[in-house]
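S.K.: Enclosed is the structure file entry.cif (mmCIF, C-alpha atoms).
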data_entry
loop_
_atom_site.label_atom_id
_atom_site.label_comp_id
_atom_site.auth_asym_id
_atom_site.auth_seq_id
_atom_site.Cartn_x
_atom_site.Cartn_y
_atom_site.Cartn_z
CA MET A 123 0.00 0.00 0.00
CA PRO A 124 1.47 3.42 -0.96
CA ARG A 125 2.12 5.58 2.09
CA GLU A 126 2.62 9.29 2.77
CA TYR A 127 5.75 10.60 4.55
CA LEU A 128 5.60 14.08 6.15
CA ILE A 129 8.68 16.04 7.30
CA VAL A 130 8.18 19.15 9.45
CA VAL A 131 11.39 21.21 9.68
CA PRO A 132 12.44 24.83 10.35
CA VAL A 133 14.52 24.90 7.12
CA ARG A 134 13.37 27.85 5.01
CA PHE A 135 12.47 27.46 1.34
CA LYS A 136 11.59 29.84 -1.51
CA ARG A 137 8.89 28.97 -4.02
CA LEU A 138 10.11 29.93 -7.50
CA THR A 139 7.28 28.63 -9.67
CA PRO A 140 4.06 26.73 -8.97
CA THR A 141 6.07 23.48 -9.04
CA SER A 142 9.64 24.40 -8.06
CA VAL A 143 11.40 25.61 -4.92
CA ALA A 144 14.87 26.75 -3.81
CA VAL A 145 16.35 25.48 -0.56
CA GLU A 146 19.76 24.80 1.02
CA SER A 147 21.64 22.70 -1.54
CA ALA A 148 22.78 19.85 0.75
CA PHE A 149 19.21 19.48 2.04
CA CYS A 150 18.02 19.10 -1.57
CA GLU A 151 20.35 16.17 -2.11
CA HIS A 152 19.42 14.68 1.25
CA LEU A 153 15.70 14.73 0.38
CA ARG A 154 16.28 13.14 -3.02
CA ALA A 155 18.36 10.37 -1.46
CA LEU A 156 15.86 9.83 1.37
CA ARG A 157 12.95 9.51 -1.05
CA ALA A 158 14.87 6.94 -3.09
CA GLU A 159 15.52 4.89 0.06
CA LEU A 160 11.85 4.98 1.07
CA LEU A 161 10.49 3.75 -2.27
CA PRO A 162 8.27 1.90 -2.95
CA THR A 163 6.71 1.89 0.56
CA PHE A 164 6.38 5.68 0.58
CA THR A 165 5.41 7.08 -2.78
CA SER A 166 4.84 10.61 -1.50
CA LEU A 167 7.20 12.83 0.52
CA THR A 168 5.92 16.19 1.80
CA VAL A 169 7.99 18.88 3.50
CA ALA A 170 6.19 21.46 5.67
CA ALA A 171 8.48 24.40 6.42
CA PRO A 172 8.65 28.20 6.79
CA THR A 173 9.16 30.32 3.71
CA MET A 174 12.38 32.19 2.94
CA PRO A 175 12.26 36.01 3.07
CA GLU A 176 13.06 37.71 -0.22
CA LYS A 177 16.14 39.44 1.24
CA GLN A 178 17.59 36.10 2.34
CA TYR A 179 16.88 34.58 -1.06
CA GLN A 180 18.60 37.46 -2.88
CA ARG A 181 21.60 37.11 -0.58
CA GLU A 182 21.91 33.33 -0.89
CA HIS A 183 20.31 32.33 -4.21
CA GLY A 184 23.65 31.64 -5.89
CA HIS A 185 24.38 28.62 -3.70
CA LEU A 186 20.86 27.29 -3.10
CA GLY A 187 19.64 24.03 -4.60
CA ARG A 188 16.53 23.61 -6.73
CA LEU A 189 13.79 20.97 -6.48
CA ASP A 190 10.96 20.32 -8.91
CA GLU A 191 7.94 18.88 -7.12
CA GLU A 192 6.75 16.87 -10.12
CA ARG A 193 10.15 15.55 -11.22
CA ASP A 194 11.60 14.92 -7.74
CA GLY A 195 8.36 13.71 -6.17
CA ILE A 196 8.77 16.00 -3.15
CA ARG A 197 5.88 18.29 -2.27
CA TRP A 198 6.36 21.53 -0.30
CA VAL A 199 3.85 23.13 2.07
CA ALA A 200 4.41 26.67 3.32
CA LEU A 201 3.93 27.35 7.02
CA GLN A 202 4.75 30.82 8.42
CA PRO A 203 7.09 33.38 6.81
CA GLY A 204 10.60 32.68 8.06
CA ASP A 205 11.13 36.20 9.43
CA THR A 206 7.92 36.23 11.50
CA GLY A 207 8.37 37.56 15.04
CA ARG A 208 6.88 35.87 18.10
CA CYS A 209 3.93 38.21 18.52
CA ALA A 210 3.16 38.30 14.80
CA PHE A 211 3.25 34.52 14.68
CA TRP A 212 0.55 34.14 17.33
CA LEU A 213 -1.55 37.14 16.26
CA ARG A 214 -1.40 36.69 12.47
CA HIS A 215 -0.20 33.23 11.48
CA SER A 216 -0.71 30.65 14.22
CA LEU A 217 -4.28 29.61 13.37
CA SER A 218 -3.55 29.07 9.68
CA VAL A 219 -0.23 27.34 10.43
CA PHE A 220 -1.74 24.85 12.89
CA ARG A 221 -4.75 24.21 10.60
CA ARG A 222 -2.39 23.48 7.72
CA LEU A 223 -0.22 21.34 9.95
CA GLY A 224 -3.23 19.38 11.17
CA ARG A 225 -4.36 18.74 7.61
CA GLU A 226 -0.93 17.44 6.61
CA VAL A 227 -0.57 15.20 9.67
CA ARG A 228 -4.00 13.67 8.98
CA ARG A 229 -3.08 12.75 5.41
CA ALA A 230 0.33 11.36 6.40
CA ASP A 231 1.12 7.79 7.43
CA LEU A 232 4.36 8.85 9.14
CA VAL A 233 5.34 12.20 10.68
CA HIS A 234 9.04 13.12 10.86
CA ALA A 235 9.91 16.16 13.00
CA GLY A 236 12.07 17.31 15.88
CA THR A 237 11.39 18.90 19.21
CA SER A 238 10.88 22.67 19.07
CA HIS A 239 13.96 24.54 20.21
CA ASP A 240 11.94 27.75 19.74
CA VAL A 241 9.43 27.32 22.56
CA TYR A 242 7.52 30.39 21.37
CA ARG A 243 6.77 28.75 18.00
CA PRO A 244 6.44 25.04 18.87
CA ILE A 245 5.59 23.89 15.36
CA GLU A 246 7.73 20.74 15.16
CA GLY A 247 6.69 19.59 18.64
CA ALA A 248 3.04 20.23 17.76
CA ALA A 249 3.40 17.99 14.70
CA LEU A 250 4.65 15.11 16.88
CA LEU A 251 1.86 15.68 19.41
CA LEU A 252 -0.75 15.67 16.63
CA ALA A 253 0.74 12.45 15.30
CA LYS A 254 0.38 10.88 18.73
CA LEU A 255 -3.23 12.06 19.13
CA LEU A 256 -4.16 10.80 15.65
CA GLY A 257 -2.44 7.44 16.11
CA LYS A 258 0.22 8.04 13.43
CA LYS A 259 3.68 6.54 13.31
CA SER A 260 6.33 9.16 14.04
CA VAL A 261 10.08 9.77 13.89
CA CYS A 262 11.63 12.38 16.18
CA VAL A 263 15.05 13.73 15.13
CA VAL A 264 17.15 15.94 17.43
CA ASP A 265 20.34 16.99 15.70
CA ILE A 266 22.07 19.08 18.37
CA ASP A 267 22.57 18.87 22.13
CA LEU A 268 22.00 22.43 23.34
CA ARG A 269 21.99 21.82 27.08
CA GLN A 270 25.22 23.82 27.46
CA GLU A 271 24.03 26.68 25.25
CA ALA A 272 23.23 29.05 28.14
CA ARG A 273 26.53 28.51 29.95
CA MET A 274 28.60 28.89 26.79
CA ASN A 275 26.83 32.01 25.56
CA TYR A 276 27.06 33.66 28.99
CA ARG A 277 30.76 32.88 29.33
CA THR A 278 31.59 34.38 25.93
CA GLY A 279 29.58 37.52 26.73
CA ARG A 280 26.97 36.92 24.05
CA TRP A 281 24.19 36.56 26.65
CA SER A 282 23.28 38.60 29.71
CA LEU A 283 22.70 37.11 33.17
CA LYS A 284 18.95 37.51 32.55
CA SER A 285 19.18 35.43 29.36
CA LEU A 286 21.23 32.80 31.17
CA LEU A 287 18.68 32.43 33.96
CA LEU A 288 15.69 32.42 31.60
CA CYS A 289 17.27 29.65 29.53
CA ARG A 290 18.36 27.60 32.53
CA TRP A 291 15.10 27.82 34.47
CA LEU A 292 12.44 28.14 31.75
CA TYR A 293 13.51 27.24 28.22
CA ASP A 294 15.79 24.28 28.97
CA PRO A 295 13.21 22.51 31.19
CA LEU A 296 10.55 22.98 28.48
CA ARG A 297 12.87 21.54 25.83
CA SER A 298 13.79 18.64 28.07
CA LEU A 299 10.11 17.95 28.73
CA GLN A 300 9.45 17.85 24.98
CA LEU A 301 12.24 15.34 24.40
CA ARG A 302 11.13 13.09 27.26
CA ALA A 303 7.60 13.15 25.87
CA ALA A 304 8.84 12.41 22.36
CA ILE A 305 10.83 9.42 23.61
CA ARG A 306 7.67 8.04 25.22
CA TRP A 307 5.34 8.80 22.32
CA CYS A 308 7.34 8.49 19.10
CA SER A 309 7.87 5.27 17.19
CA LEU A 310 11.56 6.02 16.48
CA VAL A 311 13.86 8.64 18.02
CA LEU A 312 17.19 9.67 16.43
CA LEU A 313 19.58 11.71 18.55
CA LYS A 314 22.81 13.22 17.22
CA GLY A 315 25.08 12.89 20.22
CA ARG A 316 26.06 9.88 22.29
CA LYS A 317 25.71 11.77 25.56
CA LEU A 318 22.24 12.96 24.57
CA ARG A 319 21.22 9.38 23.88
CA ARG A 320 22.75 8.08 27.11
CA ASP A 321 20.97 10.70 29.18
CA TYR A 322 17.54 10.41 27.55
CA GLY A 323 17.32 7.04 25.82
CA GLU A 324 19.47 4.55 27.72
CA GLY A 325 17.95 1.09 27.50
CA ARG A 326 15.34 2.06 24.90
CA ALA A 327 15.76 0.15 21.65
CA HIS A 328 13.83 2.74 19.60
CA VAL A 329 16.19 5.58 20.62
CA LEU A 330 19.31 5.66 18.44
CA HIS A 331 22.42 7.76 18.00
CA PHE A 332 22.89 8.89 14.39
CA LEU A 333 25.03 10.91 12.00
CA ASP A 334 23.48 12.86 9.14
CA ALA A 335 26.25 12.92 6.58
CA ALA A 336 25.43 14.85 3.41
CA TYR A 337 28.36 13.69 1.28
CA SER A 338 28.02 10.63 -0.94
CA ALA A 339 30.58 8.02 -1.93
CA GLN A 340 31.18 9.97 -5.16
CA HIS A 341 32.43 12.94 -3.12
CA LEU A 342 35.22 11.02 -1.36
CA ILE A 343 38.65 12.37 -2.29
CA PRO A 344 39.96 10.51 -5.37
CA PHE A 345 43.37 8.85 -5.27
CA PRO A 346 45.21 11.43 -7.46
CA ALA A 347 44.06 14.28 -5.19
CA LEU A 348 45.04 12.27 -2.11
CA ALA A 349 48.49 11.64 -3.60
CA ARG A 350 48.94 15.36 -4.29
CA LYS A 351 47.95 16.15 -0.72
CA THR A 352 50.43 13.59 0.59
CA ARG A 353 53.24 15.18 -1.44
CA ALA A 354 52.28 18.66 -0.22
CA LEU A 355 52.34 17.51 3.42
CA ALA A 356 55.86 16.16 2.90
CA ASP A 357 57.16 19.42 1.37
CA PRO A 358 58.30 21.89 4.07
CA ALA A 359 58.31 24.74 1.54
CA ARG A 360 54.54 24.39 0.95
CA PRO A 361 52.25 26.24 3.39
CA LEU A 362 49.95 24.49 5.83
CA GLU A 363 46.54 24.87 4.13
CA LEU A 364 43.92 25.68 6.77
CA VAL A 365 40.25 25.96 5.86
CA TYR A 366 36.89 27.00 7.27
CA PHE A 367 33.75 26.60 5.19
CA GLY A 368 30.19 27.35 6.18
CA ARG A 369 28.11 30.29 7.31
CA LEU A 370 29.93 33.44 8.38
CA THR A 371 27.90 34.15 11.48
CA ALA A 372 29.00 35.12 14.97
CA TYR A 373 28.49 31.88 16.88
CA LYS A 374 30.63 29.92 14.40
CA GLY A 375 33.72 31.59 15.89
CA VAL A 376 35.46 32.27 12.58
CA ASP A 377 37.04 35.33 14.18
CA ARG A 378 38.73 32.95 16.65
CA CYS A 379 40.17 31.01 13.72
CA ILE A 380 41.70 34.19 12.25
CA GLU A 381 43.05 35.22 15.66
CA ALA A 382 44.56 31.75 16.13
CA LEU A 383 46.24 31.98 12.72
CA ALA A 384 47.69 35.38 13.65
CA GLN A 385 49.09 34.02 16.92
CA ALA A 386 50.43 30.89 15.21
CA SER A 387 52.24 32.96 12.59
CA ARG A 388 54.01 34.81 15.40
CA ARG A 389 54.95 31.55 17.10
CA SER A 390 56.35 29.89 13.99
CA THR A 391 58.10 30.93 10.80
CA ALA A 392 56.62 27.97 8.93
CA PRO A 393 54.29 29.06 6.08
CA MET A 394 50.54 28.79 6.65
CA ARG A 395 47.40 30.00 4.92
CA LEU A 396 43.71 30.08 5.85
CA THR A 397 40.95 29.86 3.23
CA ILE A 398 37.46 30.92 4.36
CA ILE A 399 34.64 29.73 2.10
CA GLY A 400 31.17 31.05 2.85
CA SER A 401 28.84 34.00 3.18
CA GLY A 402 27.00 35.70 6.01
CA GLU A 403 26.57 38.86 8.00
CA GLU A 404 30.06 38.59 9.54
CA ALA A 405 31.93 38.58 6.19
CA GLY A 406 32.90 42.27 6.25
CA ALA A 407 33.94 42.21 9.91
CA LEU A 408 36.10 39.14 9.34
CA ARG A 409 37.91 40.77 6.42
CA ASP A 410 38.54 43.84 8.58
CA LEU A 411 39.83 41.63 11.40
CA SER A 412 42.37 39.93 9.13
CA VAL A 413 43.69 43.37 8.10
CA ARG A 414 43.78 44.62 11.69
CA LEU A 415 45.77 41.55 12.79
CA GLY A 416 48.17 41.89 9.87
CA VAL A 417 47.36 38.51 8.29
CA GLU A 418 45.41 39.66 5.24
CA ASP A 419 48.10 38.21 2.97
CA CYS A 420 47.58 34.69 4.34
CA VAL A 421 43.77 34.75 4.68
CA GLU A 422 41.76 34.21 1.50
CA PHE A 423 37.99 34.69 1.34
CA GLN A 424 35.91 32.80 -1.21
CA ASP A 425 32.17 33.07 -1.83
CA ALA A 426 29.87 30.29 -0.70
CA MET A 427 29.51 27.41 -3.13
CA PRO A 428 26.55 25.10 -3.75
CA PHE A 429 26.96 21.68 -2.21
CA GLY A 430 28.45 19.40 -4.84
CA PRO A 431 31.52 18.64 -6.97
CA LEU A 432 32.84 22.24 -7.16
CA LEU A 433 32.85 22.59 -3.39
CA PHE A 434 34.60 19.26 -2.86
CA ALA A 435 37.17 20.05 -5.57
CA ALA A 436 37.98 23.26 -3.67
CA LEU A 437 38.39 21.30 -0.43
CA TYR A 438 40.57 18.40 -1.61
CA PRO A 439 43.89 20.36 -1.43
CA ARG A 440 43.27 21.60 2.14
CA HIS A 441 45.17 20.10 5.05
CA LEU A 442 43.32 21.01 8.26
CA LEU A 443 39.79 22.23 9.07
CA LEU A 444 39.44 24.80 11.87
CA ALA A 445 36.30 24.70 14.02
CA ALA A 446 35.90 27.18 16.88
CA PRO A 447 32.14 27.34 17.63
CA LEU A 448 31.13 29.57 20.53
CA SER A 449 28.14 27.37 21.35
CA GLU A 450 27.23 23.76 20.59
CA ASP A 451 27.12 23.09 16.86
CA THR A 452 26.73 20.09 14.55
CA PRO A 453 27.96 21.48 11.21
CA ARG A 454 27.80 19.49 7.99
CA SER A 455 31.30 20.78 7.25
CA ALA A 456 32.91 18.41 9.76
CA LEU A 457 31.88 15.25 7.92
CA ASP A 458 32.43 16.83 4.51
CA ALA A 459 36.00 17.64 5.57
CA LEU A 460 36.63 14.04 6.62
CA ALA A 461 35.41 12.92 3.18
CA CYS A 462 38.16 15.10 1.71
CA ALA A 463 40.83 13.54 4.00
CA ILE A 464 41.00 16.78 5.98
CA PRO A 465 41.59 16.28 9.72
CA ILE A 466 39.88 18.69 12.14
CA LEU A 467 41.32 21.00 14.80
CA ALA A 468 38.34 21.93 16.95
CA TYR A 469 37.14 23.23 20.28
CA ALA A 470 36.16 20.37 22.56
CA THR A 471 32.38 20.63 22.24
CA GLU A 472 30.14 17.55 22.48
CA TYR A 473 29.88 17.05 18.72
CA TYR A 474 33.60 17.14 18.03
CA ALA A 475 34.29 15.01 21.11
CA ASP A 476 32.01 12.35 19.58
CA LEU A 477 34.05 12.48 16.36
CA GLU A 478 37.40 12.21 18.18
CA GLU A 479 37.28 8.41 18.03
CA SER A 480 37.69 8.67 14.25
CA GLY A 481 41.37 9.42 14.83
CA ALA A 482 41.06 12.54 12.69
CA VAL A 483 40.01 15.15 15.27
CA ASP A 484 42.40 17.11 17.49
CA LEU A 485 40.57 18.83 20.36
CA VAL A 486 41.64 21.96 22.23
CA PRO A 487 39.91 23.47 25.28
CA TRP A 488 36.88 25.64 24.58
CA PRO A 489 37.17 28.59 23.85
CA SER A 490 40.98 28.98 23.91
CA VAL A 491 42.48 30.84 20.95
CA GLU A 492 45.94 30.33 22.43
CA ARG A 493 45.69 26.53 22.46
CA MET A 494 44.36 26.48 18.91
CA ALA A 495 47.27 28.69 17.83
CA GLU A 496 49.73 26.30 19.51
CA ARG A 497 48.35 23.34 17.55
CA ILE A 498 48.35 25.26 14.25
CA ALA A 499 52.03 26.11 14.76
CA HIS A 500 52.70 22.48 15.73
CA TYR A 501 51.29 21.19 12.45
CA ALA A 502 52.80 23.99 10.34
CA GLU A 503 56.30 23.08 11.53
CA ASP A 504 55.86 19.46 10.47
CA LYS A 505 52.88 18.91 8.19
CA GLN A 506 53.61 15.16 8.00
CA ARG A 507 52.04 14.94 11.44
CA LEU A 508 48.75 15.23 9.55
CA LEU A 509 49.33 12.19 7.33
CA ALA A 510 47.94 9.60 9.75
CA PRO A 511 44.92 11.74 10.73
CA ALA A 512 44.20 12.40 7.03
CA HIS A 513 44.07 8.68 6.25
CA ALA A 514 41.97 8.08 9.40
CA ALA A 515 39.57 10.81 8.19
CA LEU A 516 39.10 9.10 4.84
CA GLN A 517 38.62 5.68 6.45
CA PHE A 518 35.94 7.08 8.78
CA ALA A 519 34.28 8.87 5.86
CA ARG A 520 34.11 5.69 3.78
CA MET A 521 32.15 4.02 6.58
CA ASN A 522 29.73 6.92 7.15
CA THR A 523 28.50 8.14 3.79
CA GLN A 524 25.03 9.55 3.36
CA GLU A 525 23.99 6.35 1.57
CA ILE A 526 25.04 4.18 4.51
CA TRP A 527 23.27 6.30 7.12
CA LEU A 528 20.13 6.85 5.07
CA HIS A 529 19.91 3.11 4.48
CA LYS A 530 20.13 2.50 8.24
CA ARG A 531 17.47 5.11 8.96
CA ALA A 532 15.17 3.94 6.16
CA ARG A 533 15.47 0.33 7.30
CA SER A 534 14.39 1.24 10.83
CA THR A 535 11.61 3.49 9.53
CA LEU A 536 10.18 0.91 7.13
CA ALA A 537 10.26 -1.71 9.87
CA LEU A 538 7.70 0.38 11.78
CA PHE A 539 5.17 -0.75 9.17
CA ASP A 540 6.10 -4.43 9.29
CA PRO A 541 2.68 -6.15 9.49
CA ALA A 542 4.21 -9.16 11.22
CA GLY A 543 5.34 -6.94 14.09
CA GLU A 544 8.93 -8.09 13.82
CA PRO A 545 11.65 -6.16 15.69
CA THR A 546 13.39 -3.49 13.63
CA PRO A 547 16.01 -5.31 11.54
CA GLY A 548 19.58 -4.77 12.60
CA ARG A 549 18.97 -3.12 15.96
CA SER A 550 20.22 -4.55 19.21
CA ALA A 551 18.31 -4.46 22.45
CA ASP A 552 20.15 -1.33 23.61
CA GLY A 553 19.29 0.58 20.44
CA ALA A 554 22.76 0.60 18.89
CA TRP A 555 23.10 0.63 15.12
CA PRO A 556 24.50 -2.55 13.60
CA ARG A 557 28.17 -2.79 12.66
CA THR A 558 28.72 -4.48 9.34
CA GLU A 559 31.58 -4.69 6.87
CA SER A 560 30.28 -1.63 5.05
CA THR A 561 29.27 0.39 8.12
#
Using structure tokens, write down the structure that the file contains.
M.R.:
Amino acid sequence: MPREYLIVVPVRFKRLTPTSVAVESAFCEHLRALRAELLPTFTSLTVAAPTMPEKQYQREHGHLGRLDEERDGIRWVALQPGDTGRCAFWLRHSLSVFRRLGREVRRADLVHAGTSHDVYRPIEGAALLLAKLLGKKSVCVVDIDLRQEARMNYRTGRWSLKSLLLCRWLYDPLRSLQLRAAIRWCSLVLLKGRKLRRDYGEGRAHVLHFLDAAYSAQHLIPFPALARKTRALADPARPLELVYFGRLTAYKGVDRCIEALAQASRRSTAPMRLTIIGSGEEAGALRDLSVRLGVEDCVEFQDAMPFGPLLFAALYPRHLLLAAPLSEDTPRSALDALACAIPILAYATEYYADLEESGAVDLVPWPSVERMAERIAHYAEDKQRLLAPAHAALQFARMNTQEIWLHKRARSTLALFDPAGEPTPGRSADGAWPRTEST
């Protein structure tokens, strides 16, 4: 029997024509791959999401992906405008949004959503609650552990004491309550973070830790590019090629990466260079910072690129990814870097600590610029120290492609509709994913 799959997400999209939309390029590829995995059980995939403001679209349209509803078989339903404020949401949009959401949940056989981090606009959580009330199967996905968000933002001066206390005593308990309810009510729960799963889902076979890689096997660094990288790492005259790619926004800590490079260049005479690929509101300030610190000659800025071959081709020659987030983050760039045999030098947040077992992640204390600078200088003085981590990165990436993880997720999802009531294939009693030769 053909079934309907509904995804409710806060990812913004822009409708271009009656049958086509623009959305973040990696998400486009993810949806296409997910739909292929779900066939033929689910013949229809619907995404309910907020719409993208025109200003955002004009700023980002060059690196957005495109989906055709008829050709790709993915239908889009607009919820509220993405720039709607809290009061405007409840006064102008809430009734129509929840009516639309209710209609989509009723027609769906499975509802896929997360808990609502924005407690003032609890759209995703409402979708899961409606699924429970209507007796629908449901998948809850939580892709970031934000329990340390208040502490981290207060320590870096981004939040006031009032914001810290509000988050600690009001918002965090509400978010925790949502997740505990979702674990009780939802058919399958996917948590990105081993600690998050241990704390909320220990002993529950339907609660799993997951990765959401966006790269495919075709994006893995080819042998000729790997050989060129190996030769570059062995040549002391070649600079250490550092890279950051992603959004240029404050909490990503890209300014810390530039500051660390400046300190490292004073510690060591070895050549080094940082390439920053991306766009965002911090772009101008970051360029100014590189000039102010006197490192403009070894910091190169490149515009954001659509997810795909051109981006990966630009990444293959790089030697080390810098990640200095000021609050918890689960960026796609980390796994994409590993696919390019690029080890990671990162602040020791929960996400990067989880990836440390890959053998390709070097952690420094959060949020120390000095310790990051020390490690940059360490690698610049002998780039061959990155050879083993680079090969470990590629080995980890081979075992964690998007195809592998989507197949695992689809297998567990489809098993929810097993008429014989068999246990989900491949899951152990403690909810761990299976380990096979390919995974």
S.K.: Expand the PyMOL selection byres ((chain A and resi 530-535) around 8) into the individual residues it matches in the shown file, reporting them as a VMD selection string.
M.R.: chain A and resid 156 159 to 160 261 310 526 to 529 536 to 539 546 to 547 555
S.K.: If you measure from atom CA of A:Ala336 to atom CA of A:Val264, what distance in Å do you get, rounded to one decimal?
M.R.: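 Atom CA of A:Val264 lies at a distance of 16.3 Å from atom CA of A:Ala336.
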S.K.: In Å, with one decimal, what is the gap from atom CA of A:Tyr366 to atom CA of A:Leu437?
M.R.: 9.7 Å
S.K.: Restrict the calculation to all atoms listed in the file, then for each residue of stretch 346-434 of chain A with any atom at most 12 Å from an atom of stretch 507-515 of chain A give the closest atom pair and their distance in Å to one decimal, rows by chain and rising residue number, as a Markdown table.
M.R.:
| residue | atom | partner | partner_atom | distance |
| --- | --- | --- | --- | --- |
| A:Leu348 | CA | A:His513 | CA | 9.1 |
| A:Ala349 | CA | A:Leu509 | CA | 11.0 |
| A:Lys351 | CA | A:Leu509 | CA | 9.1 |
| A:Thr352 | CA | A:Leu509 | CA | 7.0 |
| A:Arg353 | CA | A:Leu509 | CA | 10.1 |
| A:Ala354 | CA | A:Leu509 | CA | 10.4 |
| A:Leu355 | CA | A:Leu509 | CA | 7.3 |
| A:Ala356 | CA | A:Leu509 | CA | 8.8 |
| A:Pro358 | CA | A:Arg507 | CA | 11.9 |
| A:Leu362 | CA | A:Leu508 | CA | 10.1 |
| A:Glu363 | CA | A:Leu508 | CA | 11.3 |
| A:Leu364 | CA | A:Leu508 | CA | 11.8 |
S.K.: How many Å separate atom CA of A:Phe149 from atom CA of A:Val133?
M.R.: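 So the answer is 8.8 Å.
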S.K.: May I have the residues within 10 Å of A:Ala248 as a PDB file with C-alpha atoms, in the coordinates of the input, using only C-alpha atoms and disregarding those fewer than 6 positions away in the same chain?
M.R.:
ATOM      1  CA  VAL A 130       8.180  19.150   9.450  1.00  0.00           C
ATOM      2  CA  PHE A 220      -1.740  24.850  12.890  1.00  0.00           C
ATOM      3  CA  LEU A 223      -0.220  21.340   9.950  1.00  0.00           C
ATOM      4  CA  GLY A 224      -3.230  19.380  11.170  1.00  0.00           C
ATOM      5  CA  ALA A 235       9.910  16.160  13.000  1.00  0.00           C
ATOM      6  CA  GLY A 236      12.070  17.310  15.880  1.00  0.00           C
ATOM      7  CA  THR A 237      11.390  18.900  19.210  1.00  0.00           C
ATOM      8  CA  SER A 238      10.880  22.670  19.070  1.00  0.00           C
ATOM      9  CA  LYS A 254       0.380  10.880  18.730  1.00  0.00           C
ATOM     10  CA  GLN A 300       9.450  17.850  24.980  1.00  0.00           C
TER      11      GLN A 300
END
S.K.: Which residues match the PyMOL selection byres ((chain A and resi 448) around 6) in the file above, as a PyMOL selection string?
M.R.: chain A and resi 373+375+447+449
S.K.: Suppose a student applies the PyMOL selection byres ((chain A and resi 183) around 12) to this structure; what residues should they get, written as a ChimeraX atom specification?
M.R.: /A:135-138,143-147,174-182,184-188,401,426-428
S.K.: Write the residues of the preceding selection, restricted to C-alpha atoms, as a PDB file, in the frame of the given file.
M.R.:
ATOM      1  CA  PHE A 135      12.470  27.460   1.340  1.00  0.00           C
ATOM      2  CA  LYS A 136      11.590  29.840  -1.510  1.00  0.00           C
ATOM      3  CA  ARG A 137       8.890  28.970  -4.020  1.00  0.00           C
ATOM      4  CA  LEU A 138      10.110  29.930  -7.500  1.00  0.00           C
ATOM      5  CA  VAL A 143      11.400  25.610  -4.920  1.00  0.00           C
ATOM      6  CA  ALA A 144      14.870  26.750  -3.810  1.00  0.00           C
ATOM      7  CA  VAL A 145      16.350  25.480  -0.560  1.00  0.00           C
ATOM      8  CA  GLU A 146      19.760  24.800   1.020  1.00  0.00           C
ATOM      9  CA  SER A 147      21.640  22.700  -1.540  1.00  0.00           C
ATOM     10  CA  MET A 174      12.380  32.190   2.940  1.00  0.00           C
ATOM     11  CA  PRO A 175      12.260  36.010   3.070  1.00  0.00           C
ATOM     12  CA  GLU A 176      13.060  37.710  -0.220  1.00  0.00           C
ATOM     13  CA  LYS A 177      16.140  39.440   1.240  1.00  0.00           C
ATOM     14  CA  GLN A 178      17.590  36.100   2.340  1.00  0.00           C
ATOM     15  CA  TYR A 179      16.880  34.580  -1.060  1.00  0.00           C
ATOM     16  CA  GLN A 180      18.600  37.460  -2.880  1.00  0.00           C
ATOM     17  CA  ARG A 181      21.600  37.110  -0.580  1.00  0.00           C
ATOM     18  CA  GLU A 182      21.910  33.330  -0.890  1.00  0.00           C
ATOM     19  CA  GLY A 184      23.650  31.640  -5.890  1.00  0.00           C
ATOM     20  CA  HIS A 185      24.380  28.620  -3.700  1.00  0.00           C
ATOM     21  CA  LEU A 186      20.860  27.290  -3.100  1.00  0.00           C
ATOM     22  CA  GLY A 187      19.640  24.030  -4.600  1.00  0.00           C
ATOM     23  CA  ARG A 188      16.530  23.610  -6.730  1.00  0.00           C
ATOM     24  CA  SER A 401      28.840  34.000   3.180  1.00  0.00           C
ATOM     25  CA  ALA A 426      29.870  30.290  -0.700  1.00  0.00           C
ATOM     26  CA  MET A 427      29.510  27.410  -3.130  1.00  0.00           C
ATOM     27  CA  PRO A 428      26.550  25.100  -3.750  1.00  0.00           C
TER      28      PRO A 428
END
S.K.: For A:Asp410, which of A:Glu496, A:Asp267, A:Asp425, A:Asp377 is the closest residue, counting all atoms listed in the file?
M.R.: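 Among the listed residues, the smallest separation from A:Asp410 belongs to A:Asp377.
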S.K.: Leaving out A:Arg306 and any residue of its chain fewer than 2 positions from it, which residues lie within 12 Å of it when counting all atoms listed in the file, given as number ranges by chain?
M.R.: A: 250-251, 254, 260-262, 299-304, 308-311, 322-323, 326-329
S.K.: May I have the residues within 12 Å of A:Gly207 as a list in words, using all atoms listed in the file and disregarding those fewer than 4 positions away in the same chain?
M.R.: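 Neighbouring residues, sequence-local ones excluded: Gln202, Pro203, Phe211, Trp212, Leu213, Arg214, His215, Ser216, Asp240, Tyr242 and Arg243 of chain A.
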S.K.: With C-alpha atoms retained, could you export that selection as a JSON list (two decimals), keeping the file's coordinate frame?
M.R.:
[["chain", "number", "residue", "atom", "x", "y", "z"],
["A", 202, "GLN", "CA", 4.75, 30.82, 8.42],
["A", 203, "PRO", "CA", 7.09, 33.38, 6.81],
["A", 211, "PHE", "CA", 3.25, 34.52, 14.68],
["A", 212, "TRP", "CA", 0.55, 34.14, 17.33],
["A", 213, "LEU", "CA", -1.55, 37.14, 16.26],
["A", 214, "ARG", "CA", -1.40, 36.69, 12.47],
["A", 215, "HIS", "CA", -0.20, 33.23, 11.48],
["A", 216, "SER", "CA", -0.71, 30.65, 14.22],
["A", 240, "ASP", "CA", 11.94, 27.75, 19.74],
["A", 242, "TYR", "CA", 7.52, 30.39, 21.37],
["A", 243, "ARG", "CA", 6.77, 28.75, 18.00]]
S.K.: Rank A:Val199, A:Leu318, A:Ala459, A:Leu467 by their smallest atom-to-atom distance to A:Leu330, using only C-alpha atoms, and report the top residue only.
M.R.: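 Among the listed residues, the smallest separation from A:Leu330 belongs to A:Leu318.
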